[in-house]
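**Student:** Could you have a look at this structure, given as structure tokens, before my questions?
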Amino acid sequence: MIRLFRPFRYTETVIRIVGLTKQYGSLTAVDALSLEVRPGEIYGFLGPNGAGKTTTIRILAGLLQPTAGSVAVGGHDMVREPDAAKRALGYIADEPHPYDRLTGLEFLLTLAALYGIPPGDRERRARAQLEFFGLTGWADELAESYSHGMRQKLMIAAALLHEPAVLIADEPLVGLDPASARKLRDLFKSLAASGKTILLATHILEIAEKLCDRVGIMGRGKLLEEGSVGEIRDRLRRPGSNLEELFLELTAGDSMGSGEMGA
Ligand SMILES: Nc1ncnc2c1ncn2[C@@H]1O[C@H](COP(=O)(O)OP(=O)(O)OP(=O)(O)O)[C@@H](O)[C@H]1O
Ligand SMILES: [Mg+2]
């Protein structure tokens with residue numbers, strides 16, 4: 001069959017979350033959440049501590065089973081096509097835990113094999129990542145000897161190794177020094193410009209405001225607001241407000257000291 005039309009990529013969604021709920025006992029950490037992220041978009045996933053960001057991200061990464069609802073990455077449902085969904089994504093966890101008994105290079109080579117990168121390509125790609133993150137001098141040192149920020153860089157390098165179409169990053173800037181944080185922001189921008197899609201959970205609202213095309217603000221497992229900062233500002237009728245002010249207004253009562261403990 002001759003295909004006359006190729007699908008127009010920019011109308012597709014790359015991350016699709018539909019009716020997602022996650023319960024831990026009687027606590028509803030994520031509550032019937034639906035959201036979509038489009039190709040080439042940097043989506044800021046925001047919300048106070050305990051809002052449900054990491055829970056959502058771990059489900060998106062295929063590490064946690066939802067109680068209800070579904071997630072798809074790169075058009076692949078995480079339950080029906082977990083391998084394809086996982087291949088499409090790079091996941092940066094909120095805690096950097098490389099395998100301590102491997103060197104940085106060994107760690108990346110191990111992951112390169114798991115990702116199915118051709119053998120002849122693995123070392124070149126691993127070394128290019130180490131170089132980008134300033135870890136070349138540490139390539140042959142055990143990961144256990146790395147500082148927190150160096151581990152974080154190694155985990156980011158690992159997430160990028162297979163050049164995923166979708167990057168899901170849970171507070172990736174935590175622990176990075178200012179120059180490294182800037183470099184990562186620039187990398188995110190250039191990845192998005194080349195058509196990759198990024199979901200970025202962060203508490204650094206100044207960076208989210210500069211970097212993200214749209215943001216979603218979570219509170220108690222639900223999406224309270226979503227859109228570009230300009231759209232949210234207009235909806236809340238707060239001309240001149242920055243993202244931090246909008247966020248604080250939307251999440252007043254959801255943060256430290258203002259709620260009951262536990263469930
Ligand atoms: N393994 C777990 N068992 C029980 N409750 C959990 C578990 N993991 C998370 N929770 C609860 O689920 C809710 C959402 O937590 P989550 O880690 O998703 O929040 P978050 O938005 O990532 O917060 P933070 O900004 O602090 O990282 C919280 O109330 C948390 O206590
Ligand atoms: Mg979290």
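Going by the structure tokens order, chains are called A, B, ..., each with residues numbered from 1, while ligands are numbered from 1 in the order shown.
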Show me, as CSV, the residues of chain A having an atom within 12 Å of ligand 1, each with the closest atom pair and its distance in Å, using only C-alpha atoms and all ligand atoms.
**Tutor:**
residue,atom,partner,partner_atom_place_in_ligand_line,distance
A:Thr21,CA,ligand 1,12 (O),11.2
A:Lys22,CA,ligand 1,12 (O),8.4
A:Gln23,CA,ligand 1,12 (O),7.9
A:Tyr24,CA,ligand 1,4 (C),4.9
A:Gly25,CA,ligand 1,4 (C),7.3
A:Ser26,CA,ligand 1,5 (N),9.3
A:Leu27,CA,ligand 1,5 (N),7.0
A:Thr28,CA,ligand 1,12 (O),7.1
A:Ala29,CA,ligand 1,12 (O),4.2
A:Val30,CA,ligand 1,14 (C),7.1
A:Asp31,CA,ligand 1,14 (C),10.3
A:Phe45,CA,ligand 1,21 (O),9.0
A:Leu46,CA,ligand 1,21 (O),7.7
A:Gly47,CA,ligand 1,21 (O),6.0
A:Pro48,CA,ligand 1,25 (O),5.4
A:Asn49,CA,ligand 1,26 (O),3.3
A:Gly50,CA,ligand 1,19 (O),3.4
A:Ala51,CA,ligand 1,21 (O),3.7
A:Gly52,CA,ligand 1,18 (O),3.2
A:Lys53,CA,ligand 1,21 (O),3.7
A:Thr54,CA,ligand 1,22 (O),3.6
A:Thr55,CA,ligand 1,18 (O),3.7
A:Thr56,CA,ligand 1,18 (O),6.4
A:Ile57,CA,ligand 1,18 (O),7.9
A:Arg58,CA,ligand 1,18 (O),8.4
A:Ile59,CA,ligand 1,18 (O),10.0
A:Leu60,CA,ligand 1,18 (O),12.0
A:Leu63,CA,ligand 1,1 (N),11.7
A:Leu64,CA,ligand 1,1 (N),9.5
A:Gln65,CA,ligand 1,1 (N),11.5
A:Ala93,CA,ligand 1,27 (O),10.7
A:Asp94,CA,ligand 1,27 (O),7.7
A:Glu95,CA,ligand 1,27 (O),10.2
A:Ala169,CA,ligand 1,22 (O),11.4
A:Asp170,CA,ligand 1,22 (O),8.0
A:Glu171,CA,ligand 1,27 (O),8.0
A:Pro172,CA,ligand 1,27 (O),11.5
A:Val174,CA,ligand 1,27 (O),11.2
A:Leu200,CA,ligand 1,22 (O),11.6
A:Ala201,CA,ligand 1,22 (O),8.1
A:Thr202,CA,ligand 1,25 (O),7.9
A:His203,CA,ligand 1,25 (O),7.2
A:Ile204,CA,ligand 1,25 (O),10.9
A:Gly216,CA,ligand 1,21 (O),11.9
A:Ile217,CA,ligand 1,21 (O),10.1
A:Met218,CA,ligand 1,21 (O),7.6
A:Gly219,CA,ligand 1,21 (O),8.1
A:Arg220,CA,ligand 1,14 (C),7.6
A:Gly221,CA,ligand 1,14 (C),7.1
A:Lys222,CA,ligand 1,21 (O),10.5
A:Leu223,CA,ligand 1,21 (O),11.4
A:Asp254,CA,ligand 1,29 (O),11.0
A:Ser255,CA,ligand 1,25 (O),9.9
A:Met256,CA,ligand 1,26 (O),10.3
A:Gly259,CA,ligand 1,29 (O),11.0
A:Glu260,CA,ligand 1,29 (O),10.8
A:Met261,CA,ligand 1,29 (O),9.1
A:Gly262,CA,ligand 1,29 (O),7.0
A:Ala263,CA,ligand 1,29 (O),8.2
**Student:** Identify, with DSSP run on backbone atoms, the residues in region 12-226 of chain A assigned to strand (DSSP E or B), and express the list as a CSV table (one decimal) with N, CA and C atoms, in the first residue's frame.
**Tutor:**
chain,number,residue,atom,x,y,z
A,15,ILE,N,3.5,12.0,25.6
A,15,ILE,CA,3.2,11.5,26.9
A,15,ILE,C,1.7,11.7,27.1
A,16,ARG,N,1.0,10.6,27.4
A,16,ARG,CA,-0.4,10.7,27.6
A,16,ARG,C,-0.8,10.0,28.9
A,17,ILE,N,-1.4,10.7,29.8
A,17,ILE,CA,-1.8,10.2,31.1
A,17,ILE,C,-3.3,10.3,31.1
A,18,VAL,N,-4.0,9.2,31.4
A,18,VAL,CA,-5.5,9.3,31.3
A,18,VAL,C,-6.1,8.7,32.6
A,19,GLY,N,-6.8,9.5,33.3
A,19,GLY,CA,-7.5,9.0,34.5
A,19,GLY,C,-6.6,8.3,35.5
A,20,LEU,N,-5.4,8.8,35.7
A,20,LEU,CA,-4.4,8.0,36.5
A,20,LEU,C,-4.7,8.2,38.0
A,21,THR,N,-4.8,7.1,38.7
A,21,THR,CA,-5.0,7.1,40.2
A,21,THR,C,-4.0,6.2,40.8
A,22,LYS,N,-3.4,6.6,41.9
A,22,LYS,CA,-2.5,5.8,42.7
A,22,LYS,C,-2.9,5.9,44.1
A,23,GLN,N,-3.2,4.8,44.7
A,23,GLN,CA,-3.5,4.8,46.2
A,23,GLN,C,-2.4,4.0,46.9
A,24,TYR,N,-2.0,4.6,48.0
A,24,TYR,CA,-1.2,3.9,49.0
A,24,TYR,C,-2.1,3.7,50.2
A,27,LEU,N,-4.5,6.5,51.3
A,27,LEU,CA,-4.0,7.8,50.8
A,27,LEU,C,-4.1,7.8,49.2
A,28,THR,N,-4.7,8.8,48.7
A,28,THR,CA,-4.8,8.9,47.2
A,28,THR,C,-3.7,9.9,46.8
A,29,ALA,N,-2.6,9.3,46.3
A,29,ALA,CA,-1.4,10.1,46.0
A,29,ALA,C,-1.6,10.8,44.7
A,30,VAL,N,-2.2,10.1,43.7
A,30,VAL,CA,-2.6,10.7,42.4
A,30,VAL,C,-4.0,10.4,42.2
A,31,ASP,N,-4.8,11.4,41.8
A,31,ASP,CA,-6.3,11.4,41.9
A,31,ASP,C,-6.9,11.7,40.5
A,32,ALA,N,-7.1,10.6,39.7
A,32,ALA,CA,-7.8,10.8,38.4
A,32,ALA,C,-7.1,11.8,37.5
A,33,LEU,N,-5.8,11.7,37.4
A,33,LEU,CA,-5.0,12.7,36.7
A,33,LEU,C,-5.0,12.4,35.2
A,34,SER,N,-5.3,13.5,34.4
A,34,SER,CA,-5.1,13.3,32.9
A,34,SER,C,-4.3,14.5,32.4
A,35,LEU,N,-3.3,14.2,31.7
A,35,LEU,CA,-2.5,15.3,31.0
A,35,LEU,C,-1.8,14.7,29.8
A,36,GLU,N,-1.4,15.6,28.9
A,36,GLU,CA,-0.7,15.3,27.7
A,36,GLU,C,0.5,16.2,27.5
A,37,VAL,N,1.5,15.6,27.0
A,37,VAL,CA,2.7,16.5,26.6
A,37,VAL,C,3.0,16.2,25.1
A,42,ILE,N,8.7,21.3,26.4
A,42,ILE,CA,9.3,21.1,27.8
A,42,ILE,C,8.1,21.4,28.7
A,43,TYR,N,7.7,20.4,29.4
A,43,TYR,CA,6.5,20.6,30.3
A,43,TYR,C,7.0,20.6,31.7
A,44,GLY,N,6.7,21.6,32.4
A,44,GLY,CA,7.1,21.8,33.8
A,44,GLY,C,6.1,21.1,34.7
A,45,PHE,N,6.5,20.1,35.5
A,45,PHE,CA,5.5,19.4,36.4
A,45,PHE,C,5.8,19.9,37.8
A,46,LEU,N,4.9,20.7,38.2
A,46,LEU,CA,5.1,21.5,39.5
A,46,LEU,C,4.1,21.1,40.6
A,68,ALA,N,-5.5,2.8,39.0
A,68,ALA,CA,-6.4,2.9,37.9
A,68,ALA,C,-5.9,3.9,36.9
A,69,GLY,N,-6.4,3.8,35.7
A,69,GLY,CA,-6.0,4.7,34.6
A,69,GLY,C,-4.8,4.2,33.8
A,70,SER,N,-4.3,4.9,32.9
A,70,SER,CA,-3.3,4.4,32.0
A,70,SER,C,-2.3,5.5,31.7
A,71,VAL,N,-1.1,5.1,31.3
A,71,VAL,CA,-0.1,6.0,30.8
A,71,VAL,C,0.5,5.4,29.5
A,72,ALA,N,0.8,6.3,28.6
A,72,ALA,CA,1.5,5.9,27.3
A,72,ALA,C,2.7,6.9,27.0
A,73,VAL,N,3.8,6.3,26.6
A,73,VAL,CA,4.9,7.1,26.2
A,73,VAL,C,5.3,6.8,24.8
A,76,HIS,N,3.1,4.3,23.1
A,76,HIS,CA,3.1,2.9,23.6
A,76,HIS,C,2.5,2.9,25.0
A,77,ASP,N,1.5,2.1,25.2
A,77,ASP,CA,0.9,1.9,26.5
A,77,ASP,C,1.8,1.2,27.4
A,89,LEU,N,11.8,6.2,26.3
A,89,LEU,CA,12.0,7.2,27.4
A,89,LEU,C,13.4,7.1,28.1
A,90,GLY,N,13.8,8.2,28.5
A,90,GLY,CA,15.0,8.3,29.4
A,90,GLY,C,14.4,8.8,30.7
A,91,TYR,N,14.8,8.2,31.8
A,91,TYR,CA,14.2,8.6,33.1
A,91,TYR,C,15.4,9.0,34.1
A,92,ILE,N,15.2,10.2,34.6
A,92,ILE,CA,16.2,10.7,35.6
A,92,ILE,C,15.4,10.7,37.0
A,103,THR,N,32.6,1.3,37.8
A,103,THR,CA,33.1,2.7,37.5
A,103,THR,C,32.1,3.4,36.7
A,142,LEU,N,35.4,4.2,40.7
A,142,LEU,CA,34.1,3.6,41.2
A,142,LEU,C,33.1,4.7,41.4
A,166,VAL,N,11.8,10.8,24.5
A,166,VAL,CA,11.1,11.4,25.7
A,166,VAL,C,12.0,11.4,26.9
A,167,LEU,N,12.1,12.5,27.6
A,167,LEU,CA,12.9,12.5,28.8
A,167,LEU,C,12.0,12.9,30.0
A,168,ILE,N,12.1,12.1,31.0
A,168,ILE,CA,11.2,12.3,32.2
A,168,ILE,C,12.2,12.5,33.3
A,169,ALA,N,12.2,13.8,33.8
A,169,ALA,CA,13.3,14.1,34.8
A,169,ALA,C,12.6,14.6,36.1
A,170,ASP,N,13.0,13.9,37.2
A,170,ASP,CA,12.4,14.3,38.5
A,170,ASP,C,13.4,15.1,39.3
A,197,THR,N,11.0,15.4,23.7
A,197,THR,CA,9.9,15.9,24.6
A,197,THR,C,10.4,15.7,26.0
A,198,ILE,N,10.2,16.7,26.9
A,198,ILE,CA,10.7,16.7,28.2
A,198,ILE,C,9.6,17.0,29.2
A,199,LEU,N,9.5,16.1,30.2
A,199,LEU,CA,8.6,16.3,31.4
A,199,LEU,C,9.6,16.6,32.5
A,200,LEU,N,9.5,17.8,33.1
A,200,LEU,CA,10.5,18.2,34.1
A,200,LEU,C,9.8,18.6,35.4
A,201,ALA,N,10.0,17.7,36.4
A,201,ALA,CA,9.5,18.1,37.7
A,201,ALA,C,10.5,18.9,38.4
A,214,ARG,N,5.0,24.9,28.7
A,214,ARG,CA,3.8,24.8,29.5
A,214,ARG,C,4.1,24.3,30.9
A,215,VAL,N,3.3,24.6,31.9
A,215,VAL,CA,3.5,24.0,33.2
A,215,VAL,C,2.2,23.4,33.6
A,216,GLY,N,2.3,22.3,34.5
A,216,GLY,CA,1.1,21.8,35.1
A,216,GLY,C,1.3,21.9,36.6
A,217,ILE,N,0.4,22.5,37.3
A,217,ILE,CA,0.6,22.7,38.8
A,217,ILE,C,-0.3,21.7,39.5
A,218,MET,N,0.4,20.7,40.2
A,218,MET,CA,-0.3,19.7,40.9
A,218,MET,C,-0.6,20.1,42.4
A,219,GLY,N,-1.7,19.6,42.9
A,219,GLY,CA,-1.9,19.8,44.4
A,219,GLY,C,-2.8,18.6,44.8
A,222,LYS,N,-4.0,16.1,42.1
A,222,LYS,CA,-4.8,16.6,41.0
A,222,LYS,C,-4.1,17.8,40.3
A,223,LEU,N,-4.4,18.0,39.0
A,223,LEU,CA,-3.9,19.1,38.3
A,223,LEU,C,-4.7,20.3,38.6
A,224,LEU,N,-4.1,21.3,39.3
A,224,LEU,CA,-4.9,22.5,39.7
A,224,LEU,C,-5.0,23.5,38.5
A,225,GLU,N,-3.9,23.6,37.7
A,225,GLU,CA,-3.8,24.5,36.6
A,225,GLU,C,-2.8,24.0,35.6
A,226,GLU,N,-3.0,24.4,34.3
A,226,GLU,CA,-2.1,23.9,33.3
A,226,GLU,C,-2.1,24.9,32.2
**Student:** Can you pull out the residues contacting Leu246 (chain A)? Cut-off 12 Å, using only C-alpha atoms, and skip same-chain residues under 2 positions away; I want them as number ranges by chain.
**Tutor:** A: 46-47, 205-206, 209, 215-217, 224-226, 228-244, 248-252
**Student:** Mind checking which residues fall within 9 Å of Leu108 (chain A), counting only C-alpha atoms, ignoring those fewer than 2 positions away in the same chain, and posting them as a list of chain:residue names?
**Tutor:**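 Residues meeting the cut-off are A:Thr103, A:Gly104, A:Leu105, A:Glu106, A:Thr110, A:Leu111, A:Ala112, A:Ala113, A:Arg122, A:Glu123, A:Arg125, A:Ala126, A:Arg127, A:Gln129, A:Leu130, A:Leu154, A:Met155, A:Ala157, A:Ala158, A:Leu161.
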**Student:** What is the distance between CA of Phe132 (chain A) and CA of Asp83 (chain A), in Å to one decimal?
**Tutor:**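 CA of Asp83 (chain A) lies 27.9 Å from CA of Phe132 (chain A).
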**Student:** Give me the residues within 12 Å of Arg182 (chain A) as a compact mmCIF listing (two decimals) with N, CA and C atoms, in the first residue's frame, counting only C-alpha atoms and dropping any in the same chain fewer than 2 places off.
**Tutor:**
# COMPACT_ATOMS: atom_id res chain seq x y z
N PHE A 133 29.46 15.78 30.52
CA PHE A 133 29.18 16.08 31.93
C PHE A 133 30.46 16.29 32.76
N PRO A 172 15.95 17.12 38.31
CA PRO A 172 17.31 16.81 37.87
C PRO A 172 18.34 17.86 38.26
N LEU A 173 17.88 19.05 38.63
CA LEU A 173 18.83 20.12 38.91
C LEU A 173 19.33 20.10 40.35
N LEU A 176 23.21 20.00 41.49
CA LEU A 176 24.17 20.41 40.46
C LEU A 176 24.70 21.80 40.78
N ASP A 177 25.99 22.01 40.51
CA ASP A 177 26.56 23.34 40.73
C ASP A 177 26.00 24.30 39.66
N PRO A 178 26.14 25.60 39.86
CA PRO A 178 25.50 26.55 38.95
C PRO A 178 25.88 26.36 37.48
N ALA A 179 27.16 26.10 37.21
CA ALA A 179 27.57 25.94 35.80
C ALA A 179 26.95 24.68 35.21
N SER A 180 26.90 23.62 36.01
CA SER A 180 26.33 22.36 35.51
C SER A 180 24.83 22.50 35.32
N LEU A 184 22.83 21.94 31.85
CA LEU A 184 21.70 21.00 31.71
C LEU A 184 20.48 21.72 31.13
N ARG A 185 20.25 22.95 31.60
CA ARG A 185 19.12 23.72 31.05
C ARG A 185 19.31 23.93 29.55
N ASP A 186 20.53 24.29 29.16
CA ASP A 186 20.81 24.51 27.73
C ASP A 186 20.63 23.20 26.95
N LEU A 187 21.04 22.10 27.57
CA LEU A 187 20.88 20.80 26.91
C LEU A 187 19.39 20.49 26.71
N PHE A 188 18.60 20.74 27.74
CA PHE A 188 17.14 20.50 27.63
C PHE A 188 16.57 21.34 26.48
N LYS A 189 17.00 22.60 26.42
CA LYS A 189 16.49 23.48 25.35
C LYS A 189 16.85 22.93 23.99
N ILE A 207 13.38 28.88 37.00
CA ILE A 207 13.88 28.11 35.86
C ILE A 207 12.70 27.56 35.06
N LYS A 210 11.33 30.17 32.80
CA LYS A 210 12.17 30.48 31.63
C LYS A 210 12.18 29.34 30.62
N LEU A 211 12.18 28.11 31.14
CA LEU A 211 12.51 26.96 30.29
C LEU A 211 11.29 26.28 29.68
**Student:** Figure out the distance between CA of Asp140 (chain A) and CA of Arg87 (chain A), please, to one decimal in Å.
**Tutor:**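 Computed distance, CA of Arg87 (chain A) to CA of Asp140 (chain A), equals 27.1 Å.
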**Student:** May I have all residues of region 11-169 of chain A that DSSP, computed from the backbone, assigns to helix (DSSP H, G or I), given as a ChimeraX atom specification?
**Tutor:** /A:11,53-60,82-88,104-114,119-132,136-138,143-145,148-160
**Student:** For Glu141 (chain A), list every protein, DNA or RNA residue within 12 Å, evaluated using only C-alpha atoms, and leave out those in the same chain fewer than 3 positions away; present the list as a PyMOL selection string.
**Tutor:** chain A and resi 100-107+135-138+144-147+150-151
**Student:** Quick one: distance from CA of Gln152 (chain A) to CA of Ser190 (chain A) in Å, one decimal?
**Tutor:**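 CA of Ser190 (chain A) lies at a distance of 19.9 Å from CA of Gln152 (chain A).
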